[in-house]
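Reproduced below: target_30.txt, with compact mmCIF, C-alpha atoms.
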```
# COMPACT_ATOMS: atom_id res chain seq x y z
CA MET A 222 14.70 15.41 15.96
CA LYS A 223 12.24 17.01 13.57
CA GLU A 224 12.30 14.03 11.22
CA ALA A 225 10.57 11.91 13.83
CA LYS A 226 7.32 13.70 12.96
CA VAL A 227 7.32 12.94 9.25
CA PRO A 228 4.32 10.77 8.30
CA ASP A 229 5.35 7.25 7.34
CA ILE A 230 3.53 7.58 4.03
CA VAL A 231 5.94 10.40 3.13
CA VAL A 232 8.96 8.36 4.23
CA SER A 233 7.68 5.45 2.15
CA ARG A 234 7.83 7.56 -1.02
CA LEU A 235 11.43 8.70 -0.57
CA PRO A 236 12.97 5.38 -1.70
CA VAL A 237 10.82 5.58 -4.84
CA TYR A 238 12.07 9.09 -5.57
CA LEU A 239 15.61 7.95 -4.84
CA ARG A 240 15.38 5.06 -7.29
CA ALA A 241 14.04 7.34 -10.02
CA LEU A 242 16.84 9.83 -9.34
CA GLU A 243 19.45 7.07 -9.48
CA PHE A 244 18.08 5.97 -12.87
CA LEU A 245 18.29 9.59 -14.06
CA ALA A 246 21.87 9.85 -12.82
CA MET A 247 22.76 6.65 -14.70
CA GLU A 248 21.31 8.20 -17.83
CA GLY A 249 23.54 11.23 -17.31
CA VAL A 250 20.77 13.65 -16.36
CA GLU A 251 22.11 16.45 -14.14
CA THR A 252 19.03 18.45 -13.15
CA VAL A 253 15.36 17.52 -12.98
CA SER A 254 12.21 19.51 -12.22
CA SER A 255 9.57 18.17 -9.86
CA ALA A 256 7.28 18.04 -12.93
CA GLU A 257 9.69 15.80 -14.83
CA LEU A 258 10.26 13.58 -11.80
CA ALA A 259 6.51 13.41 -11.21
CA GLU A 260 5.80 12.41 -14.80
CA ARG A 261 8.33 9.62 -14.58
CA LEU A 262 6.73 8.35 -11.40
CA ASP A 263 3.12 8.91 -12.40
CA LEU A 264 2.74 11.24 -9.41
CA ASN A 265 1.71 14.80 -8.72
CA PRO A 266 4.59 17.36 -8.76
CA ALA A 267 3.09 19.24 -5.81
CA GLN A 268 3.23 16.07 -3.76
CA ILE A 269 6.91 15.54 -4.51
CA ARG A 270 7.69 19.14 -3.52
CA LYS A 271 5.61 18.82 -0.36
CA ASP A 272 7.19 15.49 0.59
CA LEU A 273 10.71 16.89 0.17
CA SER A 274 9.84 20.07 2.05
CA TYR A 275 9.55 18.03 5.26
CA PHE A 276 13.30 17.63 5.15
CA GLY A 277 14.49 21.04 4.07
CA SER A 278 14.85 23.11 0.96
CA PHE A 279 16.15 21.40 -2.17
CA GLY A 280 16.48 22.84 -5.64
CA ARG A 281 16.04 26.45 -6.69
CA GLN A 282 12.88 28.05 -7.98
CA GLY A 283 12.69 27.48 -11.73
CA ARG A 284 15.95 25.55 -11.88
CA GLY A 285 14.84 22.14 -10.69
CA TYR A 286 16.79 19.79 -8.51
CA ASN A 287 20.41 18.87 -8.89
CA VAL A 288 20.13 15.11 -9.36
CA LYS A 289 23.32 14.09 -7.57
CA GLY A 290 22.71 16.54 -4.74
CA LEU A 291 19.19 15.30 -4.17
CA ILE A 292 20.38 11.68 -4.27
CA GLU A 293 22.92 12.45 -1.54
CA ALA A 294 20.33 14.31 0.54
CA ILE A 295 17.75 11.52 0.36
CA ARG A 296 20.38 8.88 1.13
CA GLN A 297 21.29 10.85 4.22
CA ILE A 298 17.63 11.21 5.26
CA LEU A 299 17.04 7.49 4.78
CA ASN A 300 20.03 6.55 6.92
CA LEU A 301 21.94 5.16 3.94
CA GLU A 302 25.28 6.80 4.54
CA ARG A 303 26.58 3.45 5.77
CA GLU A 304 26.30 -0.01 4.25
CA TRP A 305 23.83 -2.27 6.04
CA GLU A 306 24.48 -5.96 6.51
CA VAL A 307 21.43 -8.11 5.82
CA ALA A 308 20.64 -11.66 6.95
CA LEU A 309 18.59 -13.89 4.66
CA VAL A 310 16.53 -16.76 6.04
CA GLY A 311 15.40 -19.41 3.55
CA VAL A 312 17.67 -20.39 0.70
CA GLY A 313 15.20 -21.94 -1.72
CA ASP A 314 14.68 -20.69 -5.28
CA LEU A 315 13.76 -17.21 -4.08
CA GLY A 316 16.61 -17.04 -1.57
CA ARG A 317 19.13 -18.04 -4.24
CA ALA A 318 17.68 -15.41 -6.57
CA LEU A 319 18.18 -12.80 -3.84
CA VAL A 320 21.80 -13.85 -3.26
CA HIS A 321 22.45 -13.30 -6.96
CA TYR A 322 20.29 -10.15 -7.21
CA GLN A 323 22.24 -7.39 -8.94
CA GLY A 324 20.08 -4.60 -7.55
CA PHE A 325 21.65 -4.44 -4.06
CA LYS A 326 25.03 -3.31 -5.36
CA ASP A 327 25.88 0.28 -4.42
CA LYS A 328 22.40 0.70 -2.95
CA GLY A 329 23.44 0.45 0.69
CA PHE A 330 22.87 -3.24 1.44
CA ARG A 331 24.91 -6.41 1.47
CA LEU A 332 23.71 -9.94 2.19
CA THR A 333 26.26 -11.33 4.62
CA LEU A 334 24.50 -14.13 6.47
CA LEU A 335 22.39 -16.97 5.03
CA PHE A 336 20.24 -19.34 7.05
CA ASP A 337 18.28 -22.46 6.17
CA ASN A 338 16.97 -25.38 8.21
CA ASN A 339 17.51 -28.01 5.51
CA PRO A 340 20.42 -30.26 6.60
CA GLN A 341 21.30 -30.87 2.94
CA LYS A 342 21.87 -27.15 2.41
CA ILE A 343 23.56 -26.27 5.72
CA GLY A 344 27.31 -25.98 5.25
CA THR A 345 27.12 -25.62 1.46
CA LYS A 346 28.07 -22.34 -0.18
CA ILE A 347 26.39 -19.92 -2.55
CA GLY A 348 29.08 -17.75 -4.03
CA GLU A 349 31.27 -16.93 -1.06
CA LEU A 350 28.59 -17.31 1.58
CA GLU A 351 28.10 -20.47 3.61
CA ILE A 352 24.54 -21.46 4.48
CA MET A 353 24.22 -21.57 8.27
CA ASP A 354 21.79 -23.61 10.36
CA SER A 355 18.71 -21.50 11.23
CA ALA A 356 19.18 -22.75 14.79
CA LEU A 357 22.17 -20.39 14.94
CA ILE A 358 20.05 -17.25 14.40
CA PRO A 359 20.05 -16.44 18.16
CA LYS A 360 23.85 -16.63 18.23
CA LEU A 361 25.08 -15.19 14.92
CA ILE A 362 22.74 -12.21 14.45
CA PRO A 363 23.59 -10.53 17.77
CA GLU A 364 27.29 -11.36 17.33
CA ARG A 365 27.34 -9.50 14.03
CA GLY A 366 24.99 -6.75 15.25
CA ILE A 367 22.75 -7.24 12.21
CA LYS A 368 19.48 -5.28 12.33
CA ILE A 369 17.89 -6.18 8.96
CA ALA A 370 16.67 -9.57 7.75
CA ILE A 371 14.87 -10.96 4.72
CA ILE A 372 12.37 -13.79 5.18
CA ALA A 373 12.16 -16.09 2.17
CA VAL A 374 10.80 -19.26 3.80
CA PRO A 375 7.49 -21.06 3.11
CA PRO A 376 4.46 -19.27 4.60
CA GLN A 377 3.86 -21.82 7.36
CA GLU A 378 7.39 -21.19 8.74
CA ALA A 379 7.45 -17.41 8.43
CA GLN A 380 6.06 -16.44 11.85
CA LYS A 381 8.39 -18.79 13.70
CA VAL A 382 11.36 -17.37 11.81
CA ALA A 383 10.20 -13.80 12.49
CA ASP A 384 9.97 -14.56 16.21
CA ALA A 385 13.53 -15.93 16.23
CA LEU A 386 14.83 -12.93 14.29
CA VAL A 387 13.16 -10.41 16.58
CA SER A 388 14.52 -12.17 19.66
CA ALA A 389 17.97 -11.99 18.09
CA GLY A 390 17.76 -8.19 17.71
CA ILE A 391 16.41 -7.74 14.17
CA GLU A 392 14.47 -4.47 13.83
CA ALA A 393 13.58 -4.48 10.12
CA ILE A 394 12.15 -7.43 8.19
CA LEU A 395 11.58 -7.67 4.46
CA ASN A 396 8.99 -10.41 4.21
CA TYR A 397 8.43 -12.38 1.00
CA ALA A 398 6.12 -14.95 2.60
CA PRO A 399 2.42 -14.27 1.91
CA VAL A 400 1.46 -14.08 5.56
CA ASN A 401 0.83 -11.25 7.99
CA LEU A 402 3.62 -11.26 10.57
CA LYS A 403 3.02 -10.34 14.19
CA VAL A 404 5.96 -8.41 15.59
CA PRO A 405 6.49 -5.96 18.46
CA PRO A 406 5.93 -2.25 17.68
CA HIS A 407 9.64 -1.39 17.47
CA VAL A 408 10.09 -3.80 14.54
CA LYS A 409 9.28 -2.65 11.00
CA VAL A 410 8.01 -5.13 8.43
CA HIS A 411 7.88 -4.46 4.71
CA TYR A 412 5.97 -6.96 2.55
CA ILE A 413 7.08 -7.89 -0.92
CA ASP A 414 3.93 -9.15 -2.53
CA PRO A 415 3.60 -9.47 -6.30
CA VAL A 416 -0.19 -9.61 -5.91
CA VAL A 417 -0.28 -6.02 -4.63
CA GLY A 418 1.49 -4.80 -7.76
CA LEU A 419 -0.65 -6.91 -10.08
CA ARG A 420 -3.87 -5.70 -8.46
CA HIS A 421 -2.80 -2.10 -8.83
CA MET A 422 -2.41 -2.58 -12.57
CA THR A 423 -5.62 -4.53 -13.20
CA TYR A 424 -7.53 -1.38 -12.27
CA TYR A 425 -6.37 0.07 -15.58
CA LEU A 426 -6.98 -3.00 -17.74
CA PRO A 427 -10.12 -3.30 -19.88
CA ARG A 428 -13.12 -4.64 -18.00
CA GLN A 429 -14.89 -7.73 -19.17
CA SER A 430 -18.33 -7.04 -20.48
CA GLY A 431 -21.24 -9.41 -19.91
CA MET B 167 -16.67 6.60 -15.85
CA LYS B 168 -16.05 8.44 -12.62
CA GLU B 169 -13.30 6.06 -11.54
CA ALA B 170 -11.10 7.33 -14.35
CA LYS B 171 -10.50 10.47 -12.28
CA VAL B 172 -9.20 8.75 -9.17
CA PRO B 173 -5.54 9.68 -8.52
CA ASP B 174 -3.20 6.77 -9.13
CA ILE B 175 -1.76 7.16 -5.63
CA VAL B 176 -5.21 6.33 -4.24
CA VAL B 177 -5.60 3.36 -6.57
CA SER B 178 -2.15 2.15 -5.49
CA ARG B 179 -3.28 1.92 -1.86
CA LEU B 180 -6.40 -0.18 -2.53
CA PRO B 181 -4.46 -3.45 -3.01
CA VAL B 182 -2.75 -2.80 0.33
CA TYR B 183 -6.12 -2.31 2.05
CA LEU B 184 -7.44 -5.39 0.29
CA ARG B 185 -4.56 -7.53 1.50
CA ALA B 186 -5.05 -6.35 5.08
CA LEU B 187 -8.79 -7.06 4.84
CA GLU B 188 -8.11 -10.54 3.46
CA PHE B 189 -5.80 -11.25 6.40
CA LEU B 190 -8.54 -10.03 8.77
CA ALA B 191 -11.08 -12.29 7.06
CA MET B 192 -8.73 -15.27 7.42
CA GLU B 193 -8.50 -14.49 11.13
CA GLY B 194 -12.29 -14.57 11.32
CA VAL B 195 -12.76 -10.82 11.89
CA GLU B 196 -16.18 -9.67 10.63
CA THR B 197 -16.10 -5.91 11.04
CA VAL B 198 -13.26 -3.41 11.25
CA SER B 199 -13.13 0.33 11.88
CA SER B 200 -10.97 2.61 9.74
CA ALA B 201 -8.94 3.24 12.92
CA GLU B 202 -8.22 -0.48 13.37
CA LEU B 203 -7.39 -0.93 9.71
CA ALA B 204 -5.15 2.15 9.83
CA GLU B 205 -3.29 0.89 12.87
CA ARG B 206 -2.63 -2.41 11.16
CA LEU B 207 -1.29 -0.62 8.11
CA ASP B 208 0.57 2.14 9.93
CA LEU B 209 -1.59 4.71 8.12
CA ASN B 210 -3.93 7.54 8.97
CA PRO B 211 -7.62 6.52 9.40
CA ALA B 212 -8.78 9.73 7.68
CA GLN B 213 -6.78 8.78 4.64
CA ILE B 214 -8.37 5.35 4.42
CA ARG B 215 -11.84 6.89 4.68
CA LYS B 216 -10.99 9.53 2.07
CA ASP B 217 -9.47 6.97 -0.31
CA LEU B 218 -12.55 4.75 -0.09
CA SER B 219 -14.91 7.71 -0.48
CA TYR B 220 -13.74 8.08 -4.09
CA PHE B 221 -15.61 4.89 -4.86
CA GLY B 222 -18.78 5.25 -2.83
CA SER B 223 -20.03 4.87 0.68
CA PHE B 224 -18.83 1.87 2.65
CA GLY B 225 -19.51 1.05 6.28
CA ARG B 226 -21.87 2.81 8.63
CA GLN B 227 -21.04 5.62 11.01
CA GLY B 228 -19.75 4.11 14.25
CA ARG B 229 -20.11 0.54 13.04
CA GLY B 230 -17.01 0.15 10.94
CA TYR B 231 -16.73 -1.75 7.72
CA ASN B 232 -18.07 -5.21 7.04
CA VAL B 233 -14.86 -7.04 6.15
CA LYS B 234 -16.29 -9.40 3.54
CA GLY B 235 -18.40 -6.66 1.97
CA LEU B 236 -15.46 -4.30 1.67
CA ILE B 237 -13.29 -7.08 0.21
CA GLU B 238 -15.89 -7.68 -2.49
CA ALA B 239 -16.25 -3.97 -3.20
CA ILE B 240 -12.50 -3.41 -3.57
CA ARG B 241 -12.12 -6.51 -5.72
CA GLN B 242 -14.79 -5.12 -8.00
CA ILE B 243 -13.13 -1.68 -8.12
CA LEU B 244 -9.76 -3.25 -8.94
CA ASN B 245 -11.20 -5.29 -11.81
CA LEU B 246 -10.65 -8.56 -9.96
CA GLU B 247 -14.02 -10.18 -10.52
CA ARG B 248 -12.38 -12.42 -13.12
CA GLU B 249 -9.20 -14.47 -12.94
CA TRP B 250 -6.30 -12.99 -14.94
CA GLU B 251 -3.88 -15.19 -16.82
CA VAL B 252 -0.28 -14.11 -16.39
CA ALA B 253 2.76 -14.86 -18.56
CA LEU B 254 6.16 -15.19 -16.90
CA VAL B 255 9.37 -14.50 -18.81
CA GLY B 256 12.57 -15.84 -17.29
CA VAL B 257 12.57 -19.15 -15.48
CA GLY B 258 15.71 -18.85 -13.37
CA ASP B 259 15.71 -19.11 -9.56
CA LEU B 260 13.27 -16.21 -9.22
CA GLY B 261 10.98 -17.47 -11.99
CA ARG B 262 10.81 -20.91 -10.39
CA ALA B 263 10.03 -19.30 -7.04
CA LEU B 264 7.17 -17.40 -8.68
CA VAL B 265 5.78 -20.56 -10.29
CA HIS B 266 5.64 -22.13 -6.83
CA TYR B 267 4.48 -18.96 -5.05
CA GLN B 268 1.52 -19.75 -2.83
CA GLY B 269 0.32 -16.16 -2.70
CA PHE B 270 -1.41 -16.05 -6.12
CA LYS B 271 -4.04 -18.61 -5.15
CA ASP B 272 -7.54 -17.14 -4.87
CA LYS B 273 -6.10 -13.67 -5.37
CA GLY B 274 -7.20 -13.29 -8.99
CA PHE B 275 -4.10 -14.41 -10.90
CA ARG B 276 -2.81 -17.60 -12.48
CA LEU B 277 0.53 -18.15 -14.20
CA THR B 278 -0.34 -19.97 -17.39
CA LEU B 279 2.53 -19.30 -19.77
CA LEU B 280 6.28 -19.59 -19.08
CA PHE B 281 9.03 -18.34 -21.38
CA ASP B 282 12.79 -18.68 -21.34
CA ASN B 283 15.47 -18.37 -24.01
CA ASN B 284 17.74 -21.09 -22.61
CA PRO B 285 17.59 -24.12 -24.97
CA GLN B 286 18.25 -26.44 -22.02
CA LYS B 287 15.09 -25.21 -20.30
CA ILE B 288 12.77 -24.90 -23.30
CA GLY B 289 10.42 -27.87 -23.49
CA THR B 290 10.98 -28.92 -19.87
CA LYS B 291 8.16 -28.63 -17.36
CA ILE B 292 7.69 -26.96 -14.00
CA GLY B 293 4.70 -28.56 -12.37
CA GLU B 294 2.20 -28.78 -15.21
CA LEU B 295 3.58 -25.89 -17.24
CA GLU B 296 5.95 -26.35 -20.14
CA ILE B 297 8.65 -23.72 -20.63
CA MET B 298 8.21 -22.14 -24.07
CA ASP B 299 10.83 -20.49 -26.24
CA SER B 300 10.82 -16.71 -25.69
CA ALA B 301 10.84 -16.39 -29.48
CA LEU B 302 7.19 -17.51 -29.33
CA ILE B 303 6.07 -14.47 -27.28
CA PRO B 304 4.71 -12.70 -30.41
CA LYS B 305 2.61 -15.76 -31.26
CA LEU B 306 1.39 -17.20 -27.95
CA ILE B 307 0.53 -14.04 -26.00
CA PRO B 308 -1.94 -12.67 -28.57
CA GLU B 309 -3.38 -16.16 -29.18
CA ARG B 310 -4.23 -16.46 -25.49
CA GLY B 311 -5.25 -12.82 -25.17
CA ILE B 312 -2.96 -12.39 -22.16
CA LYS B 313 -2.60 -8.81 -20.91
CA ILE B 314 -0.32 -9.23 -17.88
CA ALA B 315 3.31 -10.39 -17.78
CA ILE B 316 6.03 -10.78 -15.17
CA ILE B 317 9.64 -10.05 -16.16
CA ALA B 318 12.16 -12.13 -14.19
CA VAL B 319 15.13 -12.05 -16.56
CA PRO B 320 18.62 -10.59 -15.97
CA PRO B 321 18.72 -6.76 -16.08
CA GLN B 322 20.53 -6.57 -19.42
CA GLU B 323 17.71 -8.53 -21.13
CA ALA B 324 14.76 -6.79 -19.49
CA GLN B 325 14.14 -3.97 -21.99
CA LYS B 326 14.27 -6.31 -24.98
CA VAL B 327 11.78 -8.63 -23.29
CA ALA B 328 9.52 -5.68 -22.39
CA ASP B 329 9.53 -4.53 -26.03
CA ALA B 330 8.51 -8.00 -27.22
CA LEU B 331 5.77 -8.23 -24.60
CA VAL B 332 4.33 -4.82 -25.45
CA SER B 333 4.33 -5.66 -29.17
CA ALA B 334 2.46 -8.85 -28.33
CA GLY B 335 -0.31 -6.94 -26.57
CA ILE B 336 0.79 -6.94 -22.93
CA GLU B 337 -0.57 -3.90 -21.04
CA ALA B 338 0.66 -4.56 -17.50
CA ILE B 339 4.19 -5.60 -16.53
CA LEU B 340 5.42 -6.65 -13.11
CA ASN B 341 9.16 -6.06 -13.39
CA TYR B 342 11.64 -7.77 -11.07
CA ALA B 343 14.72 -6.64 -13.02
CA PRO B 344 16.49 -3.65 -11.43
CA VAL B 345 16.19 -1.45 -14.52
CA ASN B 346 13.87 1.33 -15.57
CA LEU B 347 11.74 0.06 -18.48
CA LYS B 348 10.68 2.32 -21.32
CA VAL B 349 7.17 1.47 -22.46
CA PRO B 350 4.37 3.33 -24.27
CA PRO B 351 1.93 5.33 -22.12
CA HIS B 352 -0.88 2.76 -22.32
CA VAL B 353 1.32 0.14 -20.61
CA LYS B 354 1.59 0.05 -16.82
CA VAL B 355 4.77 -1.11 -15.13
CA HIS B 356 5.04 -2.03 -11.47
CA TYR B 357 8.52 -2.55 -10.05
CA ILE B 358 9.28 -5.16 -7.43
CA ASP B 359 12.42 -3.90 -5.82
CA PRO B 360 13.59 -5.17 -2.43
CA VAL B 361 15.85 -2.12 -2.11
CA VAL B 362 12.82 0.22 -1.96
CA GLY B 363 11.43 -1.71 1.01
CA LEU B 364 14.79 -1.93 2.77
CA ARG B 365 15.42 1.80 2.33
CA HIS B 366 12.02 2.62 3.77
CA MET B 367 12.89 0.70 6.93
CA THR B 368 16.43 2.03 7.42
CA TYR B 369 14.90 5.45 8.07
CA TYR B 370 13.71 4.06 11.40
CA LEU B 371 16.88 2.22 12.38
CA PRO B 372 19.36 3.75 14.83
CA ARG B 373 21.80 6.15 13.19
CA GLN B 374 25.49 5.55 13.49
CA SER B 375 27.25 8.12 15.55
CA GLY B 376 30.68 9.36 14.67
```
So, in terms of structure tokens, how does the structure I just supplied come out?
Amino acid sequence: MKEAKVPDIVVSRLPVYLRALEFLAMEGVETVSSAELAERLDLNPAQIRKDLSYFGSFGRQGRGYNVKGLIEAIRQILNLEREWEVALVGVGDLGRALVHYQGFKDKGFRLTLLFDNNPQKIGTKIGELEIMDSALIPKLIPERGIKIAIIAVPPQEAQKVADALVSAGIEAILNYAPVNLKVPPHVKVHYIDPVVGLRHMTYYLPRQSG
Amino acid sequence: MKEAKVPDIVVSRLPVYLRALEFLAMEGVETVSSAELAERLDLNPAQIRKDLSYFGSFGRQGRGYNVKGLIEAIRQILNLEREWEVALVGVGDLGRALVHYQGFKDKGFRLTLLFDNNPQKIGTKIGELEIMDSALIPKLIPERGIKIAIIAVPPQEAQKVADALVSAGIEAILNYAPVNLKVPPHVKVHYIDPVVGLRHMTYYLPRQSG
């Protein structure tokens, strides 16, 4: 499969392109040039063209990309032609916010399994989902064949939870805990860390003199 | 200033390197090669060396980088030699999670101002911080000289909040709402979107047959 050779850094940019294209589609935009897309993303147009060229030929010279067509193509490349079930571990403030998050809708993901180890929470419901005992991770995740999990537990519990998830068959972890997780090579981890975003922006803020 | 010419894509990777280096420092690692750092980050060592070369010469041939020294250098490049005050707008589940987030500590940021427009929340405290009326954004942000804000309000309110923040002097916005914000060119926006991370990882998950 030729896609196996695409550098991860290129793959990592596709979801960013896809989000920008989805915003354009919502605004009713039908075609977009790589220059317009690049400006919106604060990127270089040549990079966008080069990144996309790994996967085939999109858009026609001088005509730009068809927005809907490129959305479909990138969704296919990113393995988003199905809906993925996602398990969430840790139903504190952040976990509850994720259950109510409006950004998952129509994006390919659905939270379908919630875990917490707090006896006061286990058995209660958020919306239609019952909070399950984290001790059931080894049973329920393989039963449902779930491959993706979100970790939203306190930092000191994150590695233990990751170990349980990996043993249960999870292959992709979105980690909100500010700790570096150790996982086997076949498991992908993506960190959600507000500090990374803040530190990117401070580069552009005025520097203190004196 | 030569740094003004550094491509944003390079700047965007520095916080990721910095986080990895901080994890290494916590583990007691004193020196690291670009190959080791690259492996940890799933990146190409040549890219790390090239990115860092924009800012000077770090590490010695064959000896790798001194972890603490490189941390200090990147913090200086990213304008992190001071602590930045941050305003948070929207104290729902996500906002509360951010107030309690343990990842800001010693990373250069401190939440010091909370806003919400819910009369039941205004005047109450979370930890030591009182929740202020969002109507006071135009007064309190310039008074404190705050330049960075986090938006954690529902999507339909996000643009209105962004407008108020920008008018009040905010130049960097970390946006958790799943909407594309329109801001003037001098304002940076960084999106925190779990869908981007999830979609990056699905690329590597097994594809459904049939």
Pick out the residues sitting within 10 Å of Gln213 in chain B, and hand them over as an MDAnalysis selection string; count all atoms listed in the file, and ignore anything fewer than 6 positions along from it in its own chain. chainID B and resid 176 200 204 219
Polymer residues at most 12 Å from Tyr369 in chain B, all atoms listed in the file, same-chain spacing of 4 or more positions, as a list in words: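 Here the answer would be Glu224, Ala225, Val227, Pro228, Asp229, Val231, Val232, Ser233, Arg234, Leu235, Pro236, Ile295, Arg296, Gln297, Ile298, Leu299, Asn300, Leu301, Glu302, Trp305, Glu392, Ala393 and Lys409 of chain A; Val362, Gly363, Leu364, Arg365, Arg373 and Gln374 of chain B.
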Closest to Leu315 in chain A among A:Arg303, A:Asn396, A:Asn339, A:Thr345, using all atoms listed in the file?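 So, comparing all the options, the nearest one is A:Asn396.
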Separation of CA of Ile394 in chain A from CA of Gly313 in chain A, in Å and rounded to one decimal: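 Separation between CA of Ile394 in chain A and CA of Gly313 in chain A: 17.8 Å.
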d(CA of Gln322 in chain B, CA of Arg310 in chain B) in Å: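 Going from CA of Gln322 in chain B over to CA of Arg310 in chain B covers 27.3 Å.
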Point-to-point distance from CA of Tyr342 in chain B to CA of Ile317 in chain B, Å rounded to tenths: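 Going from CA of Tyr342 in chain B over to CA of Ile317 in chain B covers 5.9 Å.
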Using all atoms listed in the file, which residue out of A:Thr333, A:Gln323, A:Gln341, A:Ser254 lies closest to chain B? A:Gln323
List the neighbours of Ala343 in chain B out to 9 Å using all atoms listed in the file; skip same-chain residues closer than 3 positions along the sequence, and give me the result as a list in words. Tyr322, Gln323 and Gly324 of chain A; Ile317, Ala318, Val319, Pro320, Pro321, Gln322, Glu323, Ala324, Asn346, Tyr357, Ile358 and Asp359 of chain B
Selected residue, from B:Asp208, B:Val255, B:Ala239, B:Leu280, that lies nearest to Pro406 in chain A when counting all atoms listed in the file: B:Asp208
Return the single residue from B:Lys291, B:Arg215, B:Lys305, B:Lys273 that is closest to chain A, with distances computed using only C-alpha atoms.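 Comparing B:Lys291, B:Arg215, B:Lys305, B:Lys273 against chain A, the winner is B:Lys273.
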If you count only C-alpha atoms, which residues fall within 8 Å of Ile292 in chain B, apart from same-chain ones fewer than 3 positions away, as a ChimeraX atom specification? /B:262,265,295-297
Return the single residue from B:Ile288, B:Val327, B:Val257, B:Ala263 that is closest to chain A, with distances computed using only C-alpha atoms. B:Ala263
Who sits within 9 Å of Leu187 in chain B, all atoms listed in the file, same chain under 2 positions skipped, as a PyMOL selection string: chain B and resi 182-185+189-192+195+198+203+233-234+236-237
I'd like to know which of B:Tyr231, B:Lys216, B:Arg276, B:Gly335 is closest to Leu426 in chain A, using all atoms listed in the file.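 Among B:Tyr231, B:Lys216, B:Arg276, B:Gly335, it is B:Gly335 that comes nearest to Leu426 in chain A.
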